[in-house]
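Q: My structure is below; once you've seen it, I'll send some questions.
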Amino acid sequence: MTAEAPAATTRDLFEVNLARRHMIGVIFQGVALLGTLVGIIVLAVLLIEVWRDGIHFLELDFLNRFPSRFAEQAGFKSAFWGSLWVIGFTALLAFPIGVGAAVYLEEYAPKNAVTRLLQTNISNLAGVPSIVYGILGLQLFVRGTIGIGPSLEDLGLRDLDRSVLAGSATLALLILPVVIVASQEALKAVPPSIREASYGVGATRWQTVRSHVLPQAFPGIMTGTILALSRAIGETAPLIMIGALSFVAFTPGNPLDDFTVMPIQIFGWAVRPQLDFQDLAATGIIVLLIVLLSMNAIAVYLRHRFGGPASR
Amino acid sequence: MADSTNSNGGVAVVDEQVADERDAAVGASSSGRDFRPTLGAAQIDQQEDTIEDVAVQIDDVGLWYGAKKAIEGVSLDVQRHEITALIGPSGCGKSTLLRCINRMNELIPGVRIEGQIRVDGDPLYGSDVDPVEVRRAVGMVFQKPNPFPKSIYENVAFGARINGYKGNMDELVERSLRQAALWDEVKDQLKESGLALSGGQQQRLCIARAIAVQPEVILMDEPCSALDPIATQRIEDLMQELAADYTIVIVTHNMQQAARVSNRTAFMLAEEDLVGRLVEYGRTDQLFTSPNDSRTEDYITGRFG
């Protein structure tokens with residue numbers, strides 16, 4: 001009531017200028033749209049180009065032939081199965097370790113300077129170039145020693161040579177930071193009220209984590225892990241560094257066998273001068289992309305399957 | 001906190017506006033500023049002010065969040081099979097005190113607690129006391145209904161199962177849901193998600209979940225603040241029934257609710273130093289009709305808070 005007199009004069013000081021504000025909004029929308037289109041168009045051009053080059057070699061038999069000196073007889077079998085072996089073991093290594101680390105950091109670790117340092121380091125490791133992990137994997141797994149401390153042999157293990165397992169272990173190291181951070185985000189997204197409810201009926205920490213926190217975080221953890229594995233399946237540099245072969249005429253029969261993977265095979269074909277081999281590389285890219293998209297589809301499916309209405 | 005601005009002339013205008021708004025709000029339900037509630041049936045035939053059978057003994061409890069002291073020197077005895085209400089303005093530490101009674105505060109990093117609380121004479125704090133066991137004996141119902149994203153059955157059975165319940169689970173679930181006045185509404189949908197229920201039903205499910213583990217005491221932290229008036233009344237009726245078997249401590253912002261349901265009321269207040277202390281504790285009828293402390297009187301007559 002007493003406040004009305006000053007309010008009247010204050011009201012005159014507004015310069016609404018709706019037209020200008022709306023125009024700025026439209027401009028920004030245009031810039032954002034342009035940014036989106038650039039990404040989509042470049043991807044589309046790339047896909048069309050690859051498709052046109054690679055389609056004439058694409059047949060089911062492509063996955064059933066080993067590489068060859070003759071383009072029309074060359075196939076993707078060793079690379080395709082090598083990738084599946086490597087990715088399978090990478091998942092087996094990275095998933096339990098990564099989720100375990102995330103559960104520890106989110107649910108158990110005290111929030112102090114040490115865990116903060118650990119956290120910062122994990123985030124930074126996610127940005128380390130993959131070739132560096134290749135060097136680490138070469139020393140640690142292939143040669144079995146990093147020069148200090150006991151070697152794998154001292155520990156009663158054999159070095160892994162350039163086996164599937166060495167490749168998987170290297171890739172697992174590479175994606176662990178991503179798996180850990182993604183899992184932590186998923187755990188953080190579980191509402192604290194659920195934890196309180198569980199503790200409130202006399203659950204222990206593990207019972208709470210096991211029965212309520214992990215199930216609710218599971219879709220997010222799976223999505224993060226599968227996306228990290230998608231990155232690993234496209235990695236070339238660290239596997240070349242640990243000595244994966246580029247011409248392999250067999251599929252791995254056990255985790256200690258030699259191997260090659262799809263990106264290395266694609267690279268091996270692409271650097272050849274003959275046009276046919278470059279088309280073969282395009283065919284390989286198509287197969288790699290199909291595998292990648294399938295993995296992402298699984299991630300989406302898991303999110304919907306386990307993240308349904310029951311868990312909001 | 002509002003009372004500190006009251007005494008501070010510099011912000012008198014703000015205070016006046018707040019008071020105007022409050023008067024308008026109060027005017028809708030009663031006439032004048034004094035909205036001292038009428039008393040419920042619970043208090044009529046119990047007039048003595050002594051506590052014969054102490055269920056919870058809070059003894060000189062203080063709590064720090066890191067370096068900040070939140071409550072200090074709170075002592076009060078809770079009578080068995082009664083409803084005890086904790087009231088006071090926001091930030092007075094009433095929820096904090098409530099969460100000391102089942103050691104829920106320890107889940108927050110940096111919390112330090114002094115003093116002692118006893119349930120049935122057994123101390124809750126000490127190196128030989130397991131907070132997990134404390135929380136089974138002292139159940140809790142939270143401000144926002146928080147059923148597990150699992151089936152109705154599983155919501156109730158979870159606590160019993162993890163605590164090694166050996167009896168017939170179906171019977172326990174049914175009995176708990178009956179006690180929570182929810183059975184008739186959900187008996188045909190026990191396998192459906194607890195989240196599919198309405199807010200009021202969810203809160204009764206949370207009550208069923210709490211009583212399924214047979215606690216001595218049930219803590220309720222503003223259990224109706226997210227509910228509509230009809231759902232609120234059902235919860236209040238339910239509390240009256242549960243008081244026959246359980247000791248209930250409730251935190252509420254709603255003074256009418258405290259007056260309607262509780263036998264005893266504790267009024268807490270954080271003054272200039274922002275440390276919550278117990279101002280007055282007594283029978284609800286006595287505290288609301290003739291409070292001993294002028295600050296209690298100011299609060300219950302709506303002069304601040």
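We label chains A, B, ... in the order they appear in the structure tokens, count residues from 1 in each chain, and number ligands from 1 in the order shown.
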For B:Arg295, please output as a PyMOL selection string all residues within 9 Å (counting only C-alpha atoms; exclusion window: fewer than 4 positions along the same chain).
A: chain B and resi 269+279+291+299-300
Q: With only C-alpha atoms considered, list every residue of chain B at most 9 Å from chain A, as a PyMOL selection string.
A: chain B and resi 102+104+107+109+131-142+144-151+158-160+162-163+192-196+206+209-213+215
Q: Please identify all polymer residues within 10 Å of B:Ser90, counting only C-alpha atoms, omitting same-chain residues fewer than 2 positions from it, and present them as a list in words.
A: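 Near neighbours after the sequence-gap exclusion: Met1, Ile87, Gly88, Cys92, Gly93, Lys94, Ser95, His253, Met268, Leu269, Ala270 and Gly305 of chain B.
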Q: With C-alpha atoms retained, write the just-selected residues as a PDB file, in the first residue's frame.
A:
ATOM      1  CA  MET B   1      14.619 -16.154  12.497  1.00  0.00           C
ATOM      2  CA  ILE B  87       7.273 -28.149  16.329  1.00  0.00           C
ATOM      3  CA  GLY B  88       9.166 -24.979  15.557  1.00  0.00           C
ATOM      4  CA  CYS B  92      15.170 -24.914  14.388  1.00  0.00           C
ATOM      5  CA  GLY B  93      16.660 -28.407  14.284  1.00  0.00           C
ATOM      6  CA  LYS B  94      13.524 -30.424  14.898  1.00  0.00           C
ATOM      7  CA  SER B  95      14.154 -32.757  11.956  1.00  0.00           C
ATOM      8  CA  HIS B 253       5.208 -27.598  10.468  1.00  0.00           C
ATOM      9  CA  MET B 268      12.188 -25.852  19.434  1.00  0.00           C
ATOM     10  CA  LEU B 269      13.690 -22.592  18.310  1.00  0.00           C
ATOM     11  CA  ALA B 270      16.949 -21.364  16.830  1.00  0.00           C
ATOM     12  CA  GLY B 305       7.562 -18.531  11.962  1.00  0.00           C
TER      13      GLY B 305
END
Q: List every residue of stretch 3-222 of chain A that DSSP, applied to the backbone of this structure, assigns to alpha helix (DSSP H), and report them as a PyMOL selection string.
A: chain A and resi 4-11+18-54+77-103+113-125+130-137+164-188+192-200+205-208+214-222
Q: Please, which residues of stretch 110-188 of chain B, numbered as in this document, come out strand (DSSP E or B) from DSSP, as a CSV table (one decimal) with N, CA, C and O atoms, in the first residue's frame?
A:
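The resulting file, out.csv, is reproduced below:
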chain,number,residue,atom,x,y,z
B,111,VAL,N,29.1,-35.1,10.3
B,111,VAL,CA,28.2,-34.9,11.5
B,111,VAL,C,28.8,-35.5,12.8
B,111,VAL,O,29.4,-36.6,12.8
B,112,ARG,N,28.7,-34.7,13.8
B,112,ARG,CA,29.2,-35.1,15.1
B,112,ARG,C,28.1,-34.9,16.1
B,112,ARG,O,27.4,-33.9,16.1
B,113,ILE,N,27.9,-35.9,17.0
B,113,ILE,CA,26.8,-35.9,17.9
B,113,ILE,C,27.3,-36.1,19.3
B,113,ILE,O,28.2,-36.9,19.6
B,114,GLU,N,26.8,-35.3,20.3
B,114,GLU,CA,27.1,-35.5,21.7
B,114,GLU,C,25.9,-35.7,22.5
B,114,GLU,O,24.7,-35.5,22.0
B,115,GLY,N,26.0,-36.2,23.7
B,115,GLY,CA,24.9,-36.6,24.5
B,115,GLY,C,24.5,-38.0,24.3
B,115,GLY,O,25.2,-38.8,23.6
B,116,GLN,N,23.4,-38.4,24.8
B,116,GLN,CA,23.0,-39.8,24.7
B,116,GLN,C,21.5,-39.9,24.5
B,116,GLN,O,20.7,-39.0,25.0
B,117,ILE,N,21.0,-40.9,23.8
B,117,ILE,CA,19.6,-41.2,23.6
B,117,ILE,C,19.4,-42.6,24.0
B,117,ILE,O,20.2,-43.5,23.6
B,118,ARG,N,18.4,-42.9,24.8
B,118,ARG,CA,18.1,-44.3,25.2
B,118,ARG,C,16.7,-44.7,24.7
B,118,ARG,O,15.8,-43.9,24.8
B,119,VAL,N,16.6,-45.8,24.2
B,119,VAL,CA,15.3,-46.4,23.8
B,119,VAL,C,15.1,-47.6,24.7
B,119,VAL,O,15.9,-48.5,24.7
B,122,ASP,N,18.1,-48.6,26.7
B,122,ASP,CA,19.3,-49.0,26.0
B,122,ASP,C,19.9,-47.8,25.3
B,122,ASP,O,19.2,-47.2,24.5
B,123,PRO,N,21.2,-47.5,25.5
B,123,PRO,CA,21.8,-46.4,24.8
B,123,PRO,C,21.9,-46.6,23.3
B,123,PRO,O,22.1,-47.8,22.8
B,138,VAL,N,14.0,-48.4,15.6
B,138,VAL,CA,13.4,-47.1,15.5
B,138,VAL,C,13.1,-46.9,14.1
B,138,VAL,O,14.0,-46.4,13.3
B,139,GLY,N,11.9,-47.1,13.6
B,139,GLY,CA,11.6,-47.0,12.2
B,139,GLY,C,11.4,-45.5,11.8
B,139,GLY,O,11.3,-44.6,12.7
B,140,MET,N,11.3,-45.3,10.5
B,140,MET,CA,11.1,-43.9,10.1
B,140,MET,C,10.2,-43.8,8.9
B,140,MET,O,10.3,-44.6,8.0
B,141,VAL,N,9.4,-42.7,8.9
B,141,VAL,CA,8.6,-42.4,7.7
B,141,VAL,C,9.0,-41.0,7.3
B,141,VAL,O,9.1,-40.1,8.2
B,151,SER,N,7.7,-53.9,-6.1
B,151,SER,CA,6.3,-54.2,-5.9
B,151,SER,C,5.9,-53.8,-4.5
B,151,SER,O,6.7,-53.7,-3.6
Q: Just give me the gap between atom CA of A:Leu60 and atom CA of A:Gly234 in Å, one decimal is fine.
A: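 So the answer is 21.3 Å.
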Q: Contacts of stretch 281-283 of chain B at 7 Å or less, counting only C-alpha atoms, minus same-chain residues fewer than 4 places along, as a ChimeraX atom specification?
A: /B:49,263-267,287
Q: Please provide the set of residues having any atom within 12 Å of stretch 228-230 of chain B, restricted to only C-alpha atoms, with same-chain residues fewer than 3 positions apart removed, written as a list in words.
A: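 Skipping anything fewer than 3 positions along the chain leaves Ser198, Gly199, Gly200, Gln201, Gln203, Pro223, Cys224, Ser225, Gln233, Arg234, Ile235, Glu236, Asp237, Asn254 and Gln257 of chain B.
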Q: Generate the output file for the selected residues, N, CA and C atoms, as a short mmCIF file (atom, residue, chain, number, x, y, z; two decimals), in the first residue's frame.
A:
data_model
loop_
_atom_site.label_atom_id
_atom_site.label_comp_id
_atom_site.auth_asym_id
_atom_site.auth_seq_id
_atom_site.Cartn_x
_atom_site.Cartn_y
_atom_site.Cartn_z
N SER B 198 -1.25 -43.68 -5.23
CA SER B 198 -1.34 -42.24 -5.04
C SER B 198 -0.40 -41.83 -3.91
N GLY B 199 -0.18 -40.52 -3.78
CA GLY B 199 0.75 -40.03 -2.76
C GLY B 199 0.38 -40.49 -1.36
N GLY B 200 -0.91 -40.38 -1.02
CA GLY B 200 -1.34 -40.78 0.31
C GLY B 200 -1.18 -42.28 0.54
N GLN B 201 -1.49 -43.06 -0.52
CA GLN B 201 -1.30 -44.51 -0.40
C GLN B 201 0.17 -44.86 -0.29
N GLN B 203 2.43 -43.08 1.10
CA GLN B 203 2.89 -42.78 2.45
C GLN B 203 2.42 -43.87 3.43
N PRO B 223 5.23 -36.13 7.82
CA PRO B 223 4.74 -37.17 6.91
C PRO B 223 3.61 -36.72 6.01
N CYS B 224 2.99 -35.60 6.29
CA CYS B 224 1.83 -35.18 5.50
C CYS B 224 2.10 -33.95 4.65
N SER B 225 3.35 -33.46 4.67
CA SER B 225 3.58 -32.17 4.01
C SER B 225 3.42 -32.27 2.50
N GLN B 233 -5.66 -36.47 6.57
CA GLN B 233 -6.53 -36.91 7.66
C GLN B 233 -6.45 -38.42 7.85
N ARG B 234 -6.33 -39.15 6.73
CA ARG B 234 -6.21 -40.61 6.86
C ARG B 234 -4.94 -40.98 7.61
N ILE B 235 -3.84 -40.27 7.31
CA ILE B 235 -2.58 -40.56 8.00
C ILE B 235 -2.72 -40.21 9.49
N GLU B 236 -3.39 -39.10 9.76
CA GLU B 236 -3.54 -38.70 11.16
C GLU B 236 -4.38 -39.72 11.94
N ASP B 237 -5.47 -40.17 11.32
CA ASP B 237 -6.28 -41.21 11.96
C ASP B 237 -5.45 -42.45 12.23
N ASN B 254 2.89 -28.02 10.81
CA ASN B 254 1.49 -27.66 10.88
C ASN B 254 1.04 -27.74 12.34
N GLN B 257 -2.00 -29.66 13.13
CA GLN B 257 -1.76 -31.10 13.13
C GLN B 257 -1.17 -31.55 14.47
#
Q: One decimal, in Å: what's the spacing between atom CA of A:Ser183 and atom CA of A:Ala217?
A: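 Separation between atom CA of A:Ser183 and atom CA of A:Ala217: 7.7 Å.
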Q: Using only C-alpha atoms, determine which residues lie at most 12 Å from A:Ser294, disregarding the query and same-chain residues fewer than 4 positions distant; provide the list as JSON, numbers by chain.
A: {"A": [226, 227, 229, 230, 287, 288, 289, 290, 298, 299, 300, 301]}
Q: Take the residues from that selection and write them out as a PDB file, in the first residue's frame, keeping C-alpha atoms.
A:
ATOM      1  CA  ILE A 226      28.583 -50.309 -23.636  1.00  0.00           C
ATOM      2  CA  LEU A 227      29.377 -46.850 -24.995  1.00  0.00           C
ATOM      3  CA  LEU A 229      33.174 -50.635 -25.246  1.00  0.00           C
ATOM      4  CA  SER A 230      32.022 -49.027 -28.495  1.00  0.00           C
ATOM      5  CA  VAL A 287      30.768 -54.110 -40.868  1.00  0.00           C
ATOM      6  CA  LEU A 288      32.455 -52.213 -38.040  1.00  0.00           C
ATOM      7  CA  LEU A 289      29.691 -49.598 -38.093  1.00  0.00           C
ATOM      8  CA  ILE A 290      27.001 -52.291 -38.021  1.00  0.00           C
ATOM      9  CA  ILE A 298      21.701 -52.886 -26.986  1.00  0.00           C
ATOM     10  CA  ALA A 299      22.529 -49.955 -24.706  1.00  0.00           C
ATOM     11  CA  VAL A 300      19.267 -48.232 -25.635  1.00  0.00           C
ATOM     12  CA  TYR A 301      17.331 -51.464 -25.172  1.00  0.00           C
TER      13      TYR A 301
END
Q: For A:Asp61, list every protein, DNA or RNA residue within 10 Å, evaluated using only C-alpha atoms, and leave out those in the same chain fewer than 6 positions away; present the list as a PyMOL selection string.
A: chain A and resi 73-77
Q: Output all heavy atoms for every residue in that selection, as an mmCIF file, in the first residue's frame.
A:
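Produced file again_26.cif, reproduced below:
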data_model
loop_
_atom_site.group_PDB
_atom_site.id
_atom_site.type_symbol
_atom_site.label_atom_id
_atom_site.label_comp_id
_atom_site.auth_asym_id
_atom_site.auth_seq_id
_atom_site.Cartn_x
_atom_site.Cartn_y
_atom_site.Cartn_z
ATOM 1 N N GLN A 73 39.213 -62.461 -53.045
ATOM 2 C CA GLN A 73 39.153 -63.608 -52.143
ATOM 3 C C GLN A 73 39.307 -63.197 -50.683
ATOM 4 O O GLN A 73 39.179 -64.023 -49.784
ATOM 5 C CB GLN A 73 40.254 -64.619 -52.478
ATOM 6 C CG GLN A 73 40.011 -65.347 -53.784
ATOM 7 C CD GLN A 73 41.214 -66.161 -54.206
ATOM 8 O OE1 GLN A 73 42.047 -66.513 -53.375
ATOM 9 N NE2 GLN A 73 41.297 -66.456 -55.487
ATOM 10 N N ALA A 74 39.624 -61.913 -50.450
ATOM 11 C CA ALA A 74 39.926 -61.481 -49.087
ATOM 12 C C ALA A 74 38.649 -61.351 -48.264
ATOM 13 O O ALA A 74 37.593 -60.983 -48.775
ATOM 14 C CB ALA A 74 40.652 -60.143 -49.105
ATOM 15 N N GLY A 75 38.776 -61.673 -46.996
ATOM 16 C CA GLY A 75 37.618 -61.571 -46.103
ATOM 17 C C GLY A 75 38.006 -61.001 -44.749
ATOM 18 O O GLY A 75 39.168 -60.670 -44.492
ATOM 19 N N PHE A 76 37.011 -60.938 -43.905
ATOM 20 C CA PHE A 76 37.115 -60.191 -42.649
ATOM 21 C C PHE A 76 37.077 -61.130 -41.448
ATOM 22 O O PHE A 76 37.002 -60.689 -40.312
ATOM 23 C CB PHE A 76 35.918 -59.235 -42.597
ATOM 24 C CG PHE A 76 36.204 -57.903 -41.955
ATOM 25 C CD1 PHE A 76 37.433 -57.278 -42.104
ATOM 26 C CD2 PHE A 76 35.228 -57.262 -41.209
ATOM 27 C CE1 PHE A 76 37.682 -56.048 -41.531
ATOM 28 C CE2 PHE A 76 35.472 -56.030 -40.630
ATOM 29 C CZ PHE A 76 36.692 -55.425 -40.796
ATOM 30 N N LYS A 77 37.118 -62.446 -41.700
ATOM 31 C CA LYS A 77 36.800 -63.389 -40.637
ATOM 32 C C LYS A 77 37.690 -63.214 -39.408
ATOM 33 O O LYS A 77 37.190 -63.086 -38.285
ATOM 34 C CB LYS A 77 36.928 -64.819 -41.162
ATOM 35 C CG LYS A 77 36.460 -65.860 -40.158
ATOM 36 C CD LYS A 77 36.441 -67.257 -40.763
ATOM 37 C CE LYS A 77 35.841 -68.254 -39.786
ATOM 38 N NZ LYS A 77 35.785 -69.613 -40.346
#
